[in-house]
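A.B. asks: Just so it is clear, I am handing over upload_13.tsv, which has TSV, C-alpha atoms.
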```
chain	number	residue	atom	x	y	z
A	8	MET	CA	53.26	-5.52	3.12
A	9	ALA	CA	49.80	-3.94	2.90
A	10	VAL	CA	47.09	-6.25	1.60
A	11	ASN	CA	44.58	-5.05	-0.99
A	12	VAL	CA	41.24	-6.76	-0.44
A	13	LEU	CA	38.20	-7.15	-2.67
A	14	ILE	CA	34.90	-7.87	-0.90
A	15	VAL	CA	32.14	-9.20	-3.17
A	16	ASP	CA	28.66	-9.45	-1.64
A	17	ASP	CA	25.28	-8.18	-2.78
A	18	SER	CA	24.52	-6.96	0.76
A	19	ALA	CA	26.08	-3.58	1.55
A	20	VAL	CA	25.60	-4.31	5.25
A	21	MET	CA	27.49	-7.60	4.96
A	22	ARG	CA	30.30	-5.90	3.02
A	23	ALA	CA	30.53	-3.32	5.80
A	24	MET	CA	30.58	-6.07	8.47
A	25	ILE	CA	33.37	-7.93	6.70
A	26	GLN	CA	35.35	-4.73	6.14
A	27	LYS	CA	35.06	-3.78	9.80
A	28	THR	CA	36.15	-7.26	10.83
A	29	MET	CA	39.17	-7.05	8.54
A	30	ILE	CA	40.18	-3.69	10.02
A	31	LEU	CA	39.82	-4.98	13.59
A	32	SER	CA	41.69	-8.21	12.82
A	33	GLY	CA	45.06	-6.51	12.76
A	34	LEU	CA	45.59	-7.24	9.08
A	35	GLN	CA	47.91	-4.72	7.40
A	36	LEU	CA	45.31	-3.37	5.02
A	37	GLY	CA	46.01	-1.42	1.88
A	38	GLU	CA	43.01	-0.63	-0.26
A	39	ILE	CA	39.62	-2.22	0.29
A	40	HIS	CA	37.47	-2.54	-2.81
A	41	GLN	CA	33.84	-3.61	-2.88
A	42	ALA	CA	31.62	-5.19	-5.51
A	43	ALA	CA	27.94	-6.15	-5.40
A	44	ASN	CA	28.14	-9.25	-7.62
A	45	GLY	CA	30.58	-11.51	-9.42
A	46	ARG	CA	30.55	-9.43	-12.63
A	47	GLU	CA	31.50	-6.27	-10.74
A	48	GLY	CA	34.10	-8.31	-8.88
A	49	LEU	CA	35.76	-9.43	-12.11
A	50	GLU	CA	35.74	-5.86	-13.43
A	51	THR	CA	37.48	-4.69	-10.26
A	52	LEU	CA	40.03	-7.51	-10.57
A	53	GLU	CA	40.83	-6.38	-14.12
A	54	ARG	CA	41.47	-2.79	-12.97
A	55	GLN	CA	43.05	-3.15	-9.52
A	56	TRP	CA	45.86	-5.09	-7.89
A	57	ILE	CA	44.10	-7.39	-5.42
A	58	ASP	CA	45.87	-9.67	-2.92
A	59	LEU	CA	42.80	-11.32	-1.38
A	60	VAL	CA	39.24	-11.89	-2.60
A	61	ILE	CA	36.38	-12.42	-0.16
A	62	ALA	CA	33.16	-13.41	-1.91
A	63	ASP	CA	29.60	-14.51	-1.26
A	64	ILE	CA	28.03	-17.26	-3.41
A	65	ASN	CA	24.38	-16.33	-3.94
A	66	MET	CA	24.36	-13.00	-5.77
A	67	PRO	CA	22.36	-11.58	-8.67
A	68	VAL	CA	23.92	-11.06	-12.13
A	69	MET	CA	26.85	-13.41	-11.46
A	70	THR	CA	27.27	-15.76	-8.50
A	71	GLY	CA	30.47	-16.09	-6.52
A	72	GLU	CA	30.97	-19.61	-7.88
A	73	GLU	CA	30.76	-18.32	-11.46
A	74	MET	CA	33.18	-15.50	-10.63
A	75	ILE	CA	35.68	-17.99	-9.22
A	76	GLU	CA	35.33	-20.15	-12.36
A	77	HIS	CA	36.17	-17.09	-14.49
A	78	MET	CA	39.14	-16.31	-12.24
A	79	GLN	CA	40.42	-19.85	-12.74
A	80	THR	CA	40.48	-19.42	-16.51
A	81	ASN	CA	42.60	-16.25	-16.27
A	82	PRO	CA	46.28	-16.92	-15.48
A	83	SER	CA	46.69	-13.53	-13.83
A	84	LEU	CA	43.72	-14.06	-11.51
A	85	ARG	CA	43.76	-17.77	-10.74
A	86	THR	CA	46.44	-17.51	-8.05
A	87	ILE	CA	44.71	-14.80	-6.02
A	88	PRO	CA	43.77	-16.29	-2.63
A	89	THR	CA	40.00	-16.48	-2.31
A	90	ILE	CA	37.77	-16.94	0.71
A	91	VAL	CA	34.05	-17.59	0.31
A	92	ILE	CA	31.82	-16.33	3.12
A	93	SER	CA	28.33	-17.68	2.56
A	94	THR	CA	25.26	-19.27	4.06
A	95	GLU	CA	25.88	-22.21	1.73
A	96	GLY	CA	25.05	-25.45	3.47
A	97	SER	CA	25.53	-27.98	0.68
A	98	GLN	CA	28.62	-30.03	1.38
A	99	ALA	CA	28.77	-30.95	-2.31
A	100	ARG	CA	29.02	-27.30	-3.33
A	101	ILE	CA	31.50	-26.52	-0.54
A	102	ASP	CA	33.67	-29.49	-1.63
A	103	ARG	CA	33.55	-28.27	-5.23
A	104	LEU	CA	34.81	-24.84	-4.16
A	105	GLN	CA	37.50	-26.27	-1.92
A	106	ARG	CA	38.81	-28.40	-4.79
A	107	LYS	CA	39.45	-25.10	-6.56
A	108	GLY	CA	41.60	-23.99	-3.66
A	109	VAL	CA	38.97	-21.74	-2.12
A	110	ARG	CA	38.60	-21.46	1.65
A	111	PHE	CA	35.09	-21.46	3.07
A	112	ILE	CA	33.56	-19.60	6.03
A	113	HIS	CA	29.96	-20.13	7.03
A	114	LYS	CA	27.56	-17.28	7.86
A	115	PRO	CA	26.94	-16.21	10.57
A	116	PHE	CA	30.66	-15.91	11.26
A	117	SER	CA	32.72	-14.76	14.21
A	118	PRO	CA	35.47	-12.15	13.71
A	119	GLU	CA	37.98	-14.71	14.99
A	120	ILE	CA	37.11	-17.17	12.21
A	121	ILE	CA	37.78	-14.55	9.57
A	122	ARG	CA	41.04	-13.45	11.20
A	123	ASP	CA	42.28	-17.04	11.56
A	124	THR	CA	41.32	-18.00	8.02
A	125	VAL	CA	43.03	-14.94	6.54
A	126	LYS	CA	46.08	-15.77	8.65
A	127	ASP	CA	46.07	-19.32	7.28
A	128	VAL	CA	45.76	-18.08	3.71
A	129	LEU	CA	48.17	-15.13	3.73
A	130	GLY	CA	50.46	-15.90	6.67
A	131	ARG	CA	51.21	-14.07	9.91
A	132	GLU	CA	53.57	-11.66	8.16
A	133	VAL	CA	50.70	-9.50	6.96
A	134	PHE	CA	49.34	-8.87	10.45
A	135	HIS	CA	50.35	-6.01	12.71
A	136	GLY	CA	52.42	-7.30	15.63
A	137	ARG	CA	52.29	-10.84	14.15
A	138	SER	CA	51.09	-12.15	17.51
A	139	HIS	CA	47.34	-11.74	16.89
B	24	MET	CA	1.94	-27.66	10.56
B	25	ASP	CA	5.05	-29.75	11.09
B	26	ALA	CA	6.27	-29.63	14.68
B	27	ALA	CA	9.70	-31.11	13.92
B	28	ILE	CA	10.51	-28.58	11.20
B	29	SER	CA	9.09	-25.77	13.35
B	30	ARG	CA	11.51	-26.76	16.13
B	31	ILE	CA	14.47	-26.75	13.74
B	32	LEU	CA	13.34	-23.41	12.33
B	33	SER	CA	13.19	-21.90	15.82
B	34	ASP	CA	16.66	-23.21	16.67
B	35	VAL	CA	18.12	-21.71	13.51
B	36	VAL	CA	16.43	-18.33	14.04
B	37	VAL	CA	17.57	-18.11	17.67
B	38	ASP	CA	21.12	-19.11	16.76
B	39	THR	CA	21.33	-16.68	13.84
B	40	LEU	CA	19.99	-13.69	15.79
B	41	GLU	CA	22.49	-14.35	18.56
B	42	LYS	CA	25.55	-14.88	16.36
B	43	LEU	CA	24.76	-12.20	13.80
B	44	ALA	CA	23.61	-9.38	16.05
B	45	PHE	CA	23.83	-10.40	19.72
B	46	LEU	CA	20.04	-10.49	19.95
B	47	PHE	CA	18.59	-13.06	22.30
B	48	ALA	CA	15.28	-14.67	21.45
B	49	ALA	CA	12.87	-16.96	23.29
B	50	PRO	CA	9.58	-18.61	22.39
B	51	LEU	CA	6.79	-16.04	22.26
B	52	GLU	CA	4.29	-16.45	25.08
B	53	GLY	CA	0.79	-15.86	23.82
B	54	PRO	CA	-0.47	-15.20	20.32
B	55	ALA	CA	1.44	-13.29	17.67
B	56	PRO	CA	0.42	-9.62	17.44
B	57	GLU	CA	-2.43	-9.01	15.02
B	58	ASP	CA	-1.38	-5.46	14.22
B	59	THR	CA	1.41	-5.89	11.68
B	60	ARG	CA	1.99	-2.15	11.10
B	61	GLU	CA	4.86	-2.14	13.58
B	62	LEU	CA	6.50	-5.07	11.85
B	63	ALA	CA	9.02	-5.01	9.01
B	64	THR	CA	8.62	-7.98	6.69
B	65	VAL	CA	10.98	-9.71	4.28
B	66	ARG	CA	10.50	-12.75	2.05
B	67	VAL	CA	12.71	-15.12	0.14
B	68	ARG	CA	12.11	-17.96	-2.32
B	69	PHE	CA	14.29	-21.00	-2.81
B	70	SER	CA	14.52	-23.97	-5.14
B	71	GLY	CA	16.26	-27.32	-5.01
B	72	PRO	CA	15.23	-30.79	-3.84
B	73	VAL	CA	12.33	-28.99	-2.24
B	74	CYS	CA	11.07	-25.55	-3.30
B	75	GLY	CA	9.27	-22.94	-1.28
B	76	GLY	CA	9.53	-19.67	0.51
B	77	MET	CA	10.11	-18.06	3.87
B	78	GLN	CA	8.68	-14.92	5.42
B	79	LEU	CA	10.13	-13.09	8.41
B	80	SER	CA	8.53	-10.21	10.27
B	81	LEU	CA	10.47	-8.27	12.88
B	82	SER	CA	9.38	-5.46	15.17
B	83	ARG	CA	10.74	-2.20	13.81
B	84	SER	CA	12.43	-1.43	17.14
B	85	VAL	CA	14.24	-4.78	16.95
B	86	LEU	CA	15.14	-4.18	13.30
B	87	ALA	CA	16.88	-0.93	14.30
B	88	GLU	CA	18.82	-2.85	16.92
B	89	LEU	CA	19.65	-5.64	14.46
B	90	ALA	CA	21.02	-3.17	11.90
B	91	GLY	CA	22.87	-1.19	14.56
B	92	ASN	CA	24.55	-4.27	15.98
B	93	MET	CA	25.46	-5.62	12.55
B	94	LEU	CA	27.04	-2.32	11.53
B	95	GLY	CA	28.49	-1.42	14.91
B	96	ALA	CA	26.36	1.74	15.12
B	97	ASP	CA	25.49	3.17	18.54
B	98	ASP	CA	21.98	4.11	17.43
B	99	GLY	CA	20.46	1.74	14.91
B	100	SER	CA	17.37	3.92	14.52
B	101	ALA	CA	19.62	6.57	12.97
B	102	LEU	CA	20.52	4.21	10.15
B	103	SER	CA	18.76	4.63	6.82
B	104	ALA	CA	15.76	2.56	5.79
B	105	ASP	CA	17.95	0.98	3.09
B	106	GLU	CA	20.52	-0.12	5.66
B	107	GLN	CA	17.82	-1.52	7.93
B	108	HIS	CA	16.14	-3.37	5.07
B	109	ASP	CA	19.50	-4.70	3.89
B	110	SER	CA	20.09	-6.07	7.40
B	111	LEU	CA	16.66	-7.71	7.31
B	112	ARG	CA	17.37	-9.30	3.91
B	113	GLU	CA	20.70	-10.62	5.16
B	114	LEU	CA	19.03	-12.04	8.27
B	115	ILE	CA	16.49	-14.09	6.31
B	116	ASN	CA	19.17	-15.11	3.81
B	117	ILE	CA	21.30	-16.58	6.60
B	118	ILE	CA	18.34	-18.24	8.32
B	119	CYS	CA	17.19	-19.81	5.06
B	120	GLY	CA	20.71	-20.91	4.09
B	121	ASN	CA	21.24	-22.61	7.43
B	122	LEU	CA	17.79	-24.18	7.61
B	123	LEU	CA	17.54	-25.83	4.18
B	124	PRO	CA	20.39	-28.35	4.59
B	125	MET	CA	18.77	-29.45	7.85
B	126	ILE	CA	15.57	-30.18	5.94
B	127	GLY	CA	16.92	-31.43	2.63
B	128	GLY	CA	20.09	-33.11	3.81
B	129	GLY	CA	23.71	-31.95	3.76
B	130	THR	CA	24.37	-33.03	0.16
B	131	ALA	CA	21.34	-31.25	-1.30
B	132	GLU	CA	22.04	-28.11	-3.31
B	133	PHE	CA	19.57	-25.26	-2.94
B	134	ASN	CA	19.41	-21.96	-4.78
B	135	ILE	CA	18.25	-19.12	-2.60
B	136	GLN	CA	16.90	-16.14	-4.50
B	137	THR	CA	17.55	-12.56	-3.46
B	138	PRO	CA	15.32	-11.69	-0.48
B	139	PHE	CA	12.81	-8.91	-1.05
B	140	ILE	CA	10.72	-6.51	0.97
B	141	PRO	CA	7.06	-7.01	-0.06
B	142	ALA	CA	5.03	-4.01	-1.12
B	143	ALA	CA	3.15	-2.24	1.64
B	144	GLY	CA	-0.38	-3.46	2.06
B	145	THR	CA	0.39	-7.07	1.18
B	146	SER	CA	-1.54	-9.40	3.44
B	147	ALA	CA	0.22	-10.57	6.56
B	148	ALA	CA	-0.07	-14.17	5.47
B	149	GLY	CA	1.55	-13.20	2.20
B	150	GLU	CA	2.15	-15.32	-0.84
B	151	PHE	CA	3.62	-18.17	1.18
B	152	ALA	CA	0.39	-19.28	2.84
B	153	PRO	CA	-0.39	-21.94	3.84
B	154	VAL	CA	2.73	-22.52	5.88
B	155	ASN	CA	4.38	-25.78	6.93
B	156	ALA	CA	6.40	-24.47	9.86
B	157	VAL	CA	6.29	-21.43	12.12
B	158	SER	CA	8.60	-19.88	14.67
B	159	ASN	CA	7.17	-17.10	16.82
B	160	LEU	CA	9.79	-15.59	19.09
B	161	SER	CA	10.09	-12.67	21.46
B	162	VAL	CA	13.25	-10.65	20.89
B	163	GLU	CA	14.27	-7.82	23.19
B	164	ASN	CA	11.09	-5.68	23.38
B	165	GLY	CA	9.54	-7.02	20.21
B	166	VAL	CA	8.80	-10.11	18.17
B	167	CYS	CA	10.29	-12.12	15.36
B	168	LEU	CA	7.74	-14.16	13.38
B	169	VAL	CA	9.02	-16.61	10.79
B	170	SER	CA	6.97	-18.88	8.56
B	171	LEU	CA	8.11	-21.49	6.05
B	172	GLN	CA	6.25	-22.90	3.08
B	173	LEU	CA	7.44	-26.03	1.31
B	174	GLU	CA	6.05	-26.97	-2.09
B	175	GLY	CA	5.77	-30.73	-2.31
B	176	PRO	CA	7.14	-33.42	-0.02
B	177	VAL	CA	10.33	-33.02	1.93
B	178	PRO	CA	13.10	-35.28	0.51
B	179	THR	CA	13.03	-38.78	1.94
B	180	GLN	CA	16.05	-38.24	4.17
B	181	GLY	CA	13.85	-35.87	6.19
B	182	PRO	CA	14.94	-33.15	8.58
B	183	VAL	CA	18.38	-33.59	10.09
B	184	VAL	CA	20.11	-32.10	13.07
B	185	LYS	CA	23.78	-31.87	13.93
B	186	GLY	CA	25.10	-35.29	14.73
B	187	GLY	CA	22.31	-37.25	13.10
B	188	ARG	CA	18.79	-37.42	11.81
B	189	MET	CA	15.88	-36.27	13.94
B	190	ALA	CA	14.01	-39.12	15.48
B	191	GLY	CA	10.48	-39.62	14.28
B	192	VAL	CA	10.72	-37.80	10.96
B	193	ALA	CA	13.23	-39.94	9.09
B	194	GLY	CA	10.66	-41.00	6.56
B	195	GLY	CA	10.11	-37.52	5.25
B	196	VAL	CA	7.30	-35.11	5.73
B	197	GLU	CA	4.38	-34.46	3.42
B	198	SER	CA	3.74	-30.76	3.14
```
Go ahead and express the file in the form of structure tokens.
C.D. replies:
Amino acid sequence: MAVNVLIVDDSAVMRAMIQKTMILSGLQLGEIHQAANGREGLETLERQWIDLVIADINMPVMTGEEMIEHMQTNPSLRTIPTIVISTEGSQARIDRLQRKGVRFIHKPFSPEIIRDTVKDVLGREVFHGRSH
Amino acid sequence: MDAAISRILSDVVVDTLEKLAFLFAAPLEGPAPEDTRELATVRVRFSGPVCGGMQLSLSRSVLAELAGNMLGADDGSALSADEQHDSLRELINIICGNLLPMIGGGTAEFNIQTPFIPAAGTSAAGEFAPVNAVSNLSVENGVCLVSLQLEGPVPTQGPVVKGGRMAGVAGGVES
């Protein structure tokens, strides 16, 4: 099964870093979509089949937290696995996201953290070789 | 100037440069360079239990290396100015995001605004003078100069470090 991923971050460099990490992780990737804020992320989710959302929190126009709240109100979006990759340091805000079923990765991240978190969320079946 | 916060700031900058872009930094020996033309500068504002701003200036040669390492490019200087500036904005965003909980406490919620590149010709001290904490580092063949301004007193829990509160500053710091 190829996994379609949506990366939402206002930094093009960070989106590129995350995309490169995903490619190197051994994940069986389908399409990779990118969005620069939560609003664009929601628009992409309405148009495309997405299996995994990776989002930042602090973004202009619409934050990642607001985007996740919108996803939760939409039955067709609320079950999409979501990983937040952010500099966020507030445990209160991290706890609030985790109560919504979101996984959290702190910036700066290592490629291994992303690979292992995706593996936890989606399972080994979606990785090439399954032994990564 | 607050020595305790300056120490924390330096630790966060060193850690971020290393983890984000494999750049190794050490305390700068001697004064910071007066000629800022070879430096690329970025600023960010934040609000929360304590408000303020941060400014970071990086040697342009180091910025090219930062962007190249972040993007996996062999030659960072071949990257566009937009890509290099985006790397710089992400660097200060990560430094600020990691620093603030150490100052305001782990339960404090901060809002970090989008970092921006100040217009050319803006004074080196910038809009964030006077500063409360400074970290001057040497990185590769250049420098990384970071300054922090806090508006108002630091929350009473004071600066914290992993595993506990920093000794000597638990009562908070007047800026």
A.B. asks: Per residue of chain B within 10 Å of chain A, record the nearest atom pair and its distance in Å to one decimal, counting all atoms listed in the file, with rows in chain order and ascending residue number, as a Markdown table.
C.D. replies:
```
| residue | atom | partner | partner_atom | distance |
| --- | --- | --- | --- | --- |
| B:Asp38 | CA | A:Pro115 | CA | 9.0 |
| B:Thr39 | CA | A:Pro115 | CA | 6.5 |
| B:Leu40 | CA | A:Pro115 | CA | 9.0 |
| B:Glu41 | CA | A:Pro115 | CA | 9.3 |
| B:Lys42 | CA | A:Pro115 | CA | 6.1 |
| B:Leu43 | CA | A:Pro115 | CA | 5.6 |
| B:Ala44 | CA | A:Pro115 | CA | 9.4 |
| B:Ala90 | CA | A:Val20 | CA | 8.2 |
| B:Asn92 | CA | A:Met24 | CA | 9.8 |
| B:Met93 | CA | A:Met24 | CA | 6.6 |
| B:Leu94 | CA | A:Met24 | CA | 6.0 |
| B:Gly95 | CA | A:Met24 | CA | 8.2 |
| B:Asp105 | CA | A:Ala19 | CA | 9.4 |
| B:Glu106 | CA | A:Val20 | CA | 6.6 |
| B:Gln107 | CA | A:Val20 | CA | 8.7 |
| B:His108 | CA | A:Val20 | CA | 9.5 |
| B:Asp109 | CA | A:Val20 | CA | 6.3 |
| B:Ser110 | CA | A:Val20 | CA | 6.2 |
| B:Leu111 | CA | A:Val20 | CA | 9.8 |
| B:Arg112 | CA | A:Ser18 | CA | 8.2 |
| B:Glu113 | CA | A:Ser18 | CA | 6.9 |
| B:Leu114 | CA | A:Pro115 | CA | 9.2 |
| B:Asn116 | CA | A:Thr94 | CA | 7.4 |
| B:Ile117 | CA | A:Thr94 | CA | 5.4 |
| B:Ile118 | CA | A:Thr94 | CA | 8.2 |
| B:Cys119 | CA | A:Thr94 | CA | 8.1 |
| B:Gly120 | CA | A:Thr94 | CA | 4.8 |
| B:Asn121 | CA | A:Gly96 | CA | 6.2 |
| B:Leu122 | CA | A:Gly96 | CA | 8.5 |
| B:Leu123 | CA | A:Gly96 | CA | 7.6 |
| B:Pro124 | CA | A:Gly96 | CA | 5.6 |
| B:Met125 | CA | A:Gly96 | CA | 8.6 |
| B:Gly127 | CA | A:Ser97 | CA | 9.5 |
| B:Gly128 | CA | A:Ser97 | CA | 8.1 |
| B:Gly129 | CA | A:Ser97 | CA | 5.3 |
| B:Thr130 | CA | A:Ser97 | CA | 5.2 |
| B:Ala131 | CA | A:Ser97 | CA | 5.7 |
| B:Glu132 | CA | A:Ser97 | CA | 5.3 |
| B:Phe133 | CA | A:Ser97 | CA | 7.5 |
| B:Asn134 | CA | A:Asn65 | CA | 7.6 |
| B:Ile135 | CA | A:Asn65 | CA | 6.9 |
| B:Gln136 | CA | A:Asn65 | CA | 7.5 |
| B:Thr137 | CA | A:Pro67 | CA | 7.2 |
```
A.B. asks: Write out as a PDB file with C-alpha atoms, in the coordinates of the input each polymer residue whose atoms come within 8 Å of Ser32 of chain A, counting only C-alpha atoms; drop sequence neighbours fewer than 2 positions from it.
C.D. replies:
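Result file follows (result14.pdb):
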```
ATOM      1  CA  THR A  28      36.150  -7.260  10.830  1.00  0.00           C
ATOM      2  CA  MET A  29      39.170  -7.050   8.540  1.00  0.00           C
ATOM      3  CA  ILE A  30      40.180  -3.690  10.020  1.00  0.00           C
ATOM      4  CA  LEU A  34      45.590  -7.240   9.080  1.00  0.00           C
ATOM      5  CA  PRO A 118      35.470 -12.150  13.710  1.00  0.00           C
ATOM      6  CA  GLU A 119      37.980 -14.710  14.990  1.00  0.00           C
ATOM      7  CA  ARG A 122      41.040 -13.450  11.200  1.00  0.00           C
ATOM      8  CA  HIS A 139      47.340 -11.740  16.890  1.00  0.00           C
TER       9      HIS A 139
END
```
A.B. asks: Using only C-alpha atoms, determine which residues lie at most 7 Å from segment 133-137 of chain A, disregarding the query and same-chain residues fewer than 4 positions distant; provide the list as a list of chain:residue names.
C.D. replies: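 My reading of the contact set: A:Met8, A:Ala9, A:Gly33, A:Leu34, A:Gln35, A:Leu129.
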A.B. asks: Which residues are close to segment 41-58 of chain A, i.e. within 10 Å by only C-alpha atoms, leaving aside same-chain residues fewer than 3 positions away? Reply as a ChimeraX atom specification.
C.D. replies: /A:9-19,22-23,26,37-38,61-75,77-78,83-84,86-89,129
A.B. asks: May I ask for the distance between atom CA of Val125 of chain A and atom CA of Gly91 of chain B, given in Å to one decimal place?
C.D. replies: 25.7 Å
A.B. asks: Padding of 3 Å on every side, edges along x, y and z, all listed atoms of segment 32-38 of chain A included: what centre and edge lengths in Å, to one decimal, does that box have, as lines of an AutoDock Vina configuration file?
C.D. replies:
```
center_x = 44.8
center_y = -4.4
center_z = 6.3
size_x = 12.2
size_y = 13.6
size_z = 19.1
```
A.B. asks: Would you mind reading off the distance between atom CA of Leu62 of chain B and atom CA of Asn164 of chain B, one decimal, in Å?
C.D. replies: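 Distance reported for this atom pair: 12.4 Å.
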A.B. asks: What separation in Å, quoted to one decimal, exists between atom CA of Arg83 of chain B and atom CA of Val166 of chain B?
C.D. replies: 9.2 Å
A.B. asks: Nearest to Leu168 of chain B among B:Val154, B:Leu81, B:Leu89, B:Leu102, with distances taken over only C-alpha atoms: which residue is it?
C.D. replies: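 With only C-alpha atoms as the atom set, the closest residue is B:Leu81.
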A.B. asks: Pick the closest to Ser33 of chain B from B:Leu51, B:Gly175, B:Glu163, B:Phe45: which is it, counting only C-alpha atoms?
C.D. replies: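 The closest residue to Ser33 of chain B is B:Leu51.
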A.B. asks: Mind completing segment 88-99 of chain A with N, CA and C atoms? Output as a short mmCIF file (atom, residue, chain, number, x, y, z; two decimals), keeping the file's coordinate frame, please?
C.D. replies:
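Below you can see part07.cif, which holds the result:
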```cif
data_model
loop_
_atom_site.label_atom_id
_atom_site.label_comp_id
_atom_site.auth_asym_id
_atom_site.auth_seq_id
_atom_site.Cartn_x
_atom_site.Cartn_y
_atom_site.Cartn_z
N PRO A 88 44.47 -15.55 -3.70
CA PRO A 88 43.77 -16.29 -2.63
C PRO A 88 42.33 -15.83 -2.49
N THR A 89 41.43 -16.79 -2.36
CA THR A 89 40.00 -16.48 -2.31
C THR A 89 39.33 -17.18 -1.13
N ILE A 90 38.55 -16.40 -0.41
CA ILE A 90 37.77 -16.94 0.71
C ILE A 90 36.29 -16.69 0.42
N VAL A 91 35.49 -17.74 0.48
CA VAL A 91 34.05 -17.59 0.31
C VAL A 91 33.40 -17.51 1.69
N ILE A 92 32.60 -16.47 1.89
CA ILE A 92 31.82 -16.33 3.12
C ILE A 92 30.36 -16.39 2.72
N SER A 93 29.67 -17.45 3.10
CA SER A 93 28.33 -17.68 2.56
C SER A 93 27.47 -18.47 3.55
N THR A 94 26.18 -18.43 3.29
CA THR A 94 25.26 -19.27 4.06
C THR A 94 25.22 -20.69 3.50
N GLU A 95 25.96 -20.93 2.43
CA GLU A 95 25.88 -22.21 1.73
C GLU A 95 25.99 -23.39 2.69
N GLY A 96 25.04 -24.31 2.57
CA GLY A 96 25.05 -25.45 3.47
C GLY A 96 25.29 -26.77 2.76
N SER A 97 25.34 -26.74 1.42
CA SER A 97 25.53 -27.98 0.68
C SER A 97 26.99 -28.40 0.72
N GLN A 98 27.24 -29.55 1.30
CA GLN A 98 28.62 -30.03 1.38
C GLN A 98 29.18 -30.29 -0.01
N ALA A 99 28.31 -30.70 -0.94
CA ALA A 99 28.77 -30.95 -2.31
C ALA A 99 29.32 -29.67 -2.94
#
```
